[in-house]
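For reference, structure_15.txt is printed below; it contains compact mmCIF, C-alpha atoms.
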# COMPACT_ATOMS: atom_id res chain seq x y z
CA LEU A 93 12.80 46.02 33.43
CA LEU A 94 11.76 48.87 31.13
CA LEU A 95 11.09 46.30 28.39
CA ASP A 96 9.14 43.99 30.70
CA ASN A 97 7.81 45.30 34.00
CA ASN A 98 6.80 41.76 34.97
CA ALA A 99 10.50 40.95 35.34
CA TRP A 100 10.34 42.84 38.64
CA ASP A 101 8.68 39.79 40.18
CA ARG A 102 11.88 37.85 39.54
CA VAL A 103 14.44 40.44 40.66
CA GLY A 104 12.63 42.77 43.08
CA ASP A 105 13.32 40.57 46.11
CA VAL A 106 16.83 39.70 44.98
CA LEU A 107 18.40 43.03 44.01
CA ILE A 108 18.41 46.37 45.74
CA ASP A 109 19.63 49.68 44.35
CA SER A 110 22.85 49.59 46.37
CA ASP A 111 23.86 46.39 44.55
CA PHE A 112 24.64 48.44 41.45
CA TYR A 113 28.13 49.87 41.02
CA ARG A 114 27.23 52.96 38.99
CA TYR A 115 25.32 55.76 40.71
CA GLU A 116 22.97 56.47 37.79
CA HIS A 117 22.05 52.78 37.63
CA ARG A 118 21.09 52.88 41.31
CA LEU A 119 18.84 55.87 40.71
CA VAL A 120 17.12 54.30 37.68
CA TYR A 121 16.59 50.94 39.45
CA ALA A 122 15.13 52.63 42.53
CA ALA A 123 12.76 54.74 40.41
CA ILE A 124 11.57 51.68 38.47
CA GLY A 125 10.94 49.80 41.72
CA LYS A 126 9.01 52.71 43.21
CA LEU A 127 6.73 52.98 40.17
CA ILE A 128 6.05 49.25 39.95
CA ASN A 129 5.36 48.96 43.67
CA GLU A 130 2.84 51.77 43.24
CA THR A 131 1.31 49.71 40.36
CA LYS A 132 2.31 52.37 37.88
CA PRO A 133 3.86 51.66 34.48
CA ALA A 134 7.63 51.99 34.35
CA ASP A 135 8.88 53.20 30.97
CA VAL A 136 11.40 55.74 29.74
CA ILE A 137 9.06 58.71 30.25
CA THR A 138 7.55 57.74 33.61
CA VAL A 139 10.95 56.82 35.06
CA TYR A 140 12.43 60.14 33.94
CA GLU A 141 9.44 62.03 35.37
CA GLU A 142 9.87 60.20 38.68
CA LEU A 143 13.57 61.15 38.77
CA GLN A 144 12.65 64.73 37.91
CA ARG A 145 10.24 64.83 40.87
CA GLN A 146 13.11 63.66 43.05
CA GLY A 147 15.36 66.32 41.54
CA LYS A 148 17.73 63.69 40.14
CA GLY A 149 16.86 63.77 36.46
CA ASP A 150 20.12 65.50 35.51
CA ASP A 151 22.16 63.12 37.70
CA ILE A 152 21.59 60.29 35.23
CA GLY A 153 22.33 62.39 32.15
CA GLY A 154 18.78 63.46 31.37
CA LEU A 155 16.11 61.89 29.23
CA VAL A 156 18.58 61.21 26.41
CA TYR A 157 20.52 58.81 28.65
CA LEU A 158 17.41 56.79 29.40
CA ILE A 159 16.39 56.70 25.73
CA VAL A 160 19.85 55.52 24.63
CA ARG A 161 19.95 52.81 27.32
CA PHE A 162 16.43 51.70 26.46
CA GLU A 163 17.21 51.46 22.74
CA LYS A 164 20.34 49.43 23.44
CA ALA A 165 18.38 47.08 25.67
CA ARG A 166 15.66 46.74 23.05
CA GLU A 167 18.24 45.97 20.35
CA ARG A 168 19.78 43.28 22.56
CA GLN A 169 16.35 41.85 23.24
CA LYS A 170 15.51 41.91 19.55
CA HIS A 171 18.81 40.21 18.75
CA LYS A 172 18.09 37.51 21.33
CA LEU A 173 14.62 36.96 19.86
CA VAL A 174 16.06 36.74 16.35
CA GLN A 175 18.74 34.31 17.53
CA ALA A 176 16.15 32.24 19.35
CA GLU A 177 13.97 32.16 16.25
CA LEU A 178 16.94 31.22 14.08
CA HIS A 179 17.89 28.45 16.50
CA ALA A 180 14.30 27.21 16.48
CA GLN A 181 14.23 27.25 12.67
CA ALA A 182 17.60 25.51 12.53
CA ALA A 183 16.41 22.86 14.97
CA GLU A 184 13.22 22.33 12.97
CA LEU A 185 15.22 22.11 9.73
CA GLU A 186 17.61 19.60 11.28
CA SER A 187 14.67 17.57 12.54
CA ARG A 188 13.15 17.56 9.05
CA MET A 189 16.48 16.54 7.53
CA ILE A 190 16.85 13.68 9.99
CA GLU A 191 13.30 12.58 9.24
CA ALA A 192 13.95 12.79 5.49
CA GLU A 193 17.19 10.80 5.83
CA SER A 194 15.41 8.18 7.93
CA ARG A 195 12.64 7.95 5.33
CA ALA A 196 15.21 7.63 2.53
CA ILE A 197 17.06 4.89 4.42
CA ARG A 198 13.79 3.08 5.09
CA ILE A 199 12.79 3.30 1.41
CA GLU A 200 16.25 2.11 0.32
CA ASN A 201 16.13 -0.81 2.76
CA GLU A 202 12.68 -1.77 1.51
CA ARG A 203 13.95 -1.60 -2.08
CA LYS A 204 16.96 -3.79 -1.26
CA SER A 205 14.72 -6.25 0.57
CA GLN A 206 12.46 -6.47 -2.48
CA GLU A 207 15.45 -6.98 -4.76
CA LEU A 208 16.89 -9.67 -2.49
CA GLU A 209 13.52 -11.41 -2.33
CA ALA A 210 13.30 -11.31 -6.13
CA ALA A 211 16.85 -12.71 -6.36
CA ARG A 212 15.93 -15.44 -3.88
CA GLU A 213 12.88 -16.44 -5.90
CA LEU A 214 14.99 -16.44 -9.07
CA GLN A 215 17.63 -18.61 -7.44
CA LEU A 216 15.11 -21.10 -6.11
CA SER A 217 13.39 -21.25 -9.47
CA MET A 218 16.66 -22.50 -11.00
CA LEU A 219 16.65 -25.56 -8.75
CA PRO A 220 14.86 -28.69 -9.91
CA SER A 221 11.16 -28.61 -9.06
CA ARG A 222 10.68 -32.36 -9.64
CA MET A 223 13.00 -35.32 -9.28
CA PRO A 224 13.28 -37.93 -12.01
CA GLU A 225 11.47 -41.16 -11.26
CA HIS A 226 13.09 -44.58 -11.58
CA PRO A 227 12.03 -48.05 -10.39
CA LEU A 228 15.47 -48.77 -8.86
CA TYR A 229 15.99 -45.60 -6.81
CA SER A 230 14.27 -42.51 -5.44
CA LEU A 231 15.62 -38.99 -5.11
CA ALA A 232 14.63 -36.19 -2.75
CA ALA A 233 16.14 -32.80 -1.99
CA ARG A 234 15.42 -29.82 0.27
CA ILE A 235 17.19 -26.49 0.56
CA ARG A 236 16.99 -24.01 3.43
CA THR A 237 19.13 -20.91 2.93
CA ALA A 238 20.58 -18.92 5.84
CA THR A 239 19.89 -15.61 4.10
CA GLU A 240 17.67 -14.38 1.28
CA VAL A 241 20.33 -15.30 -1.30
CA GLY A 242 23.09 -17.84 -0.76
CA GLY A 243 25.57 -20.05 -2.51
CA ASP A 244 23.95 -23.44 -1.92
CA TYR A 245 23.63 -25.52 -5.07
CA TYR A 246 22.17 -28.81 -6.13
CA ASP A 247 20.84 -30.10 -9.43
CA VAL A 248 19.61 -33.31 -10.96
CA LEU A 249 19.61 -33.82 -14.73
CA ALA A 250 18.19 -36.93 -16.31
CA GLN A 251 19.25 -37.77 -19.86
CA ASN A 252 18.42 -40.46 -22.32
CA HIS A 253 19.55 -44.05 -21.76
CA GLY A 254 19.08 -43.76 -17.98
CA LEU A 255 22.01 -41.40 -17.35
CA ILE A 256 21.58 -39.17 -14.29
CA HIS A 257 23.83 -36.21 -13.41
CA LEU A 258 23.85 -35.22 -9.74
CA GLY A 259 25.48 -32.02 -8.55
CA ILE A 260 25.92 -30.67 -5.01
CA GLY A 261 27.94 -27.55 -4.20
CA ASP A 262 28.43 -24.68 -1.82
CA VAL A 263 29.91 -21.24 -2.44
CA THR A 264 31.80 -19.59 0.39
CA GLY A 265 30.01 -16.76 2.16
CA HIS A 266 26.43 -15.60 1.82
CA GLY A 267 24.58 -12.93 -0.07
CA LEU A 268 24.21 -11.82 -3.63
CA GLU A 269 27.78 -12.56 -4.79
CA SER A 270 27.57 -16.15 -3.62
CA GLY A 271 24.18 -16.52 -5.31
CA ILE A 272 25.55 -15.15 -8.60
CA LEU A 273 28.46 -17.59 -8.53
CA MET A 274 26.06 -20.44 -7.87
CA LEU A 275 23.93 -19.46 -10.88
CA MET A 276 27.03 -19.17 -13.10
CA THR A 277 28.12 -22.64 -12.00
CA GLN A 278 24.69 -24.15 -12.60
CA THR A 279 24.50 -22.60 -16.08
CA ALA A 280 27.99 -23.80 -17.01
CA ILE A 281 27.27 -27.36 -15.82
CA ARG A 282 24.01 -27.57 -17.73
CA THR A 283 25.71 -26.21 -20.86
CA LEU A 284 28.46 -28.85 -20.70
CA ILE A 285 25.89 -31.61 -20.13
CA GLU A 286 23.73 -30.41 -23.03
CA HIS A 287 26.88 -30.26 -25.16
CA GLY A 288 27.44 -33.93 -24.42
CA GLU A 289 30.68 -33.67 -22.44
CA THR A 290 31.12 -36.93 -20.48
CA ASP A 291 34.85 -37.04 -19.78
CA PRO A 292 35.21 -36.06 -16.08
CA ILE A 293 38.62 -34.43 -16.49
CA ALA A 294 37.60 -32.34 -19.50
CA PHE A 295 34.26 -31.53 -17.84
CA LEU A 296 35.76 -30.17 -14.61
CA ALA A 297 38.64 -28.40 -16.35
CA THR A 298 36.28 -26.52 -18.66
CA LEU A 299 33.95 -25.71 -15.80
CA ASN A 300 36.82 -24.44 -13.62
CA ARG A 301 38.25 -22.20 -16.35
CA THR A 302 34.84 -20.73 -17.16
CA VAL A 303 33.89 -19.96 -13.58
CA TYR A 304 37.37 -18.73 -12.66
CA LYS A 305 37.49 -16.24 -15.54
CA ASN A 306 34.12 -14.82 -14.53
CA ILE A 307 35.25 -14.53 -10.91
CA GLN A 308 38.38 -12.68 -12.03
CA ARG A 309 36.35 -10.35 -14.24
CA MET A 310 33.90 -9.55 -11.44
CA LYS A 311 36.71 -9.25 -8.84
CA MET A 312 34.91 -11.60 -6.48
CA ASP A 313 36.61 -13.24 -3.52
CA ARG A 314 34.72 -16.52 -3.52
CA THR A 315 35.46 -20.22 -3.91
CA LEU A 316 33.20 -23.15 -4.70
CA THR A 317 33.19 -26.70 -3.34
CA LEU A 318 31.50 -28.97 -5.87
CA SER A 319 30.71 -32.65 -6.26
CA LEU A 320 29.44 -34.08 -9.56
CA VAL A 321 28.23 -37.65 -9.95
CA MET A 322 27.11 -39.52 -13.07
CA TYR A 323 24.91 -42.55 -12.43
CA ARG A 324 23.63 -45.17 -14.88
CA ALA A 325 22.47 -48.74 -14.40
CA GLY A 326 23.85 -49.08 -10.88
CA THR A 327 27.22 -47.55 -11.76
CA LEU A 328 28.63 -44.23 -10.44

In structure tokens, write the structure found in this file.
Amino acid sequence: LLLDNNAWDRVGDVLIDSDFYRYEHRLVYAAIGKLINETKPADVITVYEELQRQGKGDDIGGLVYLIVRFEKARERQKHKLVQAELHAQAAELESRMIEAESRAIRIENERKSQELEAARELQLSMLPSRMPEHPLYSLAARIRTATEVGGDYYDVLAQNHGLIHLGIGDVTGHGLESGILMLMTQTAIRTLIEHGETDPIAFLATLNRTVYKNIQRMKMDRTLTLSLVMYRAGTL
């Protein structure tokens, strides 16, 4: 009350002097109430003067008692204000940290999305853009991936003398690992075809060893289902 006379509005109708256990506290509370009700300021000096007029100044321990109590109350109030300020600063800092973390996550997600989109475009660019034309047959293909990058594979390679290589495959799972395995498979198949390998057993054995060794090296848990067809002059 000595720190904030306005607090009397909150306690004046709730507490009376007899509610206090200690006698000196009753005297001080009654003096504060009398001054405030008379619209006079209630501080250490005015309260002591009021008690002196009542002949009770020595009953509370004199002016020194009031000063000591006031300083203790002020220190507690100051400590509460400091704690409140620290809590406010801590809350603001935490809010900023959460905002910074959210921004970092958002930036990282955007970066990953851009990388996945670039990987998707790269993967699609490896698929045949045009099908070979032939008077006896027509070819068409369409791919629709479930995610940005997947393990779906098809390829058509036309060679001299009317030989056509058709490949259709699917890597287990989705995502970047499946897309990488698909690209490795496509590269290995094209290399074997360019090398002139036509024996089916040797072709698939070499392809399987190559892809398997890369899977082992990369510690990937993926498998590939693959069909390869060679077509020439009406013969598969």

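Omitting segment 204-207 of chain A and its sequence neighbours fewer than 3 positions away, and counting all atoms listed in the file, the residues within 12 Å are Ile197, Arg198, Ile199, Glu200, Asn201, Ala210, Ala211, Arg212, Glu213, Leu214, Thr239, Glu240, Val241, Gly267 and Leu268 of chain A.
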
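Relative to atom CA of Arg102 of chain A, atom CA of Gln175 of chain A is found at 23.3 Å.
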
Exercise for the section: Please provide as a PyMOL selection string all residues within 10 Å of Asp244 of chain A, with the sequence filter that same-chain residues fewer than 4 positions apart are discarded (counting all atoms listed in the file). Expected result: chain A and resi 215+235-238+260-266+270-271+273-275+316-317

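Minimum atom-to-atom distances from A:Glu191, A:Asp247, A:Glu186, A:Asp151 to His117 of chain A were compared using all atoms listed in the file, and the lowest value belongs to A:Asp151.
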
Problem - Distance criterion (all atoms listed in the file): nearest to Leu249 of chain A out of A:Gly326, A:Gly147, A:Pro224, A:Gly154 - result: A:Pro224

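Minimum atom-to-atom distances from A:Ser194, A:Gln251, A:Asn129, A:Gln278 to Asp105 of chain A were compared using all atoms listed in the file, and the lowest value belongs to A:Asn129.
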
Practice task
Could you give me, as a PyMOL selection string, the residues that have an atom at most 12 Å away from the point (24.9, -27.0, -19.4) in the coordinates of the file, using only C-alpha atoms?
Solution key: chain A and resi 247-249+257+259+275-290+295+298-299+302

Practice task
Using atom CA of Gly254 of chain A and atom CA of Ala325 of chain A as the two end points, give the distance in Å to one decimal.
Solution key: 7.0 Å

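The smallest atom-to-atom distance between Glu209 of chain A and any of A:Arg314, A:Thr138, A:Pro292, A:Gly242, using all atoms listed in the file, is found for A:Gly242.
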
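Between atom CA of Glu184 of chain A and atom CA of Ala165 of chain A the separation is 28.3 Å.
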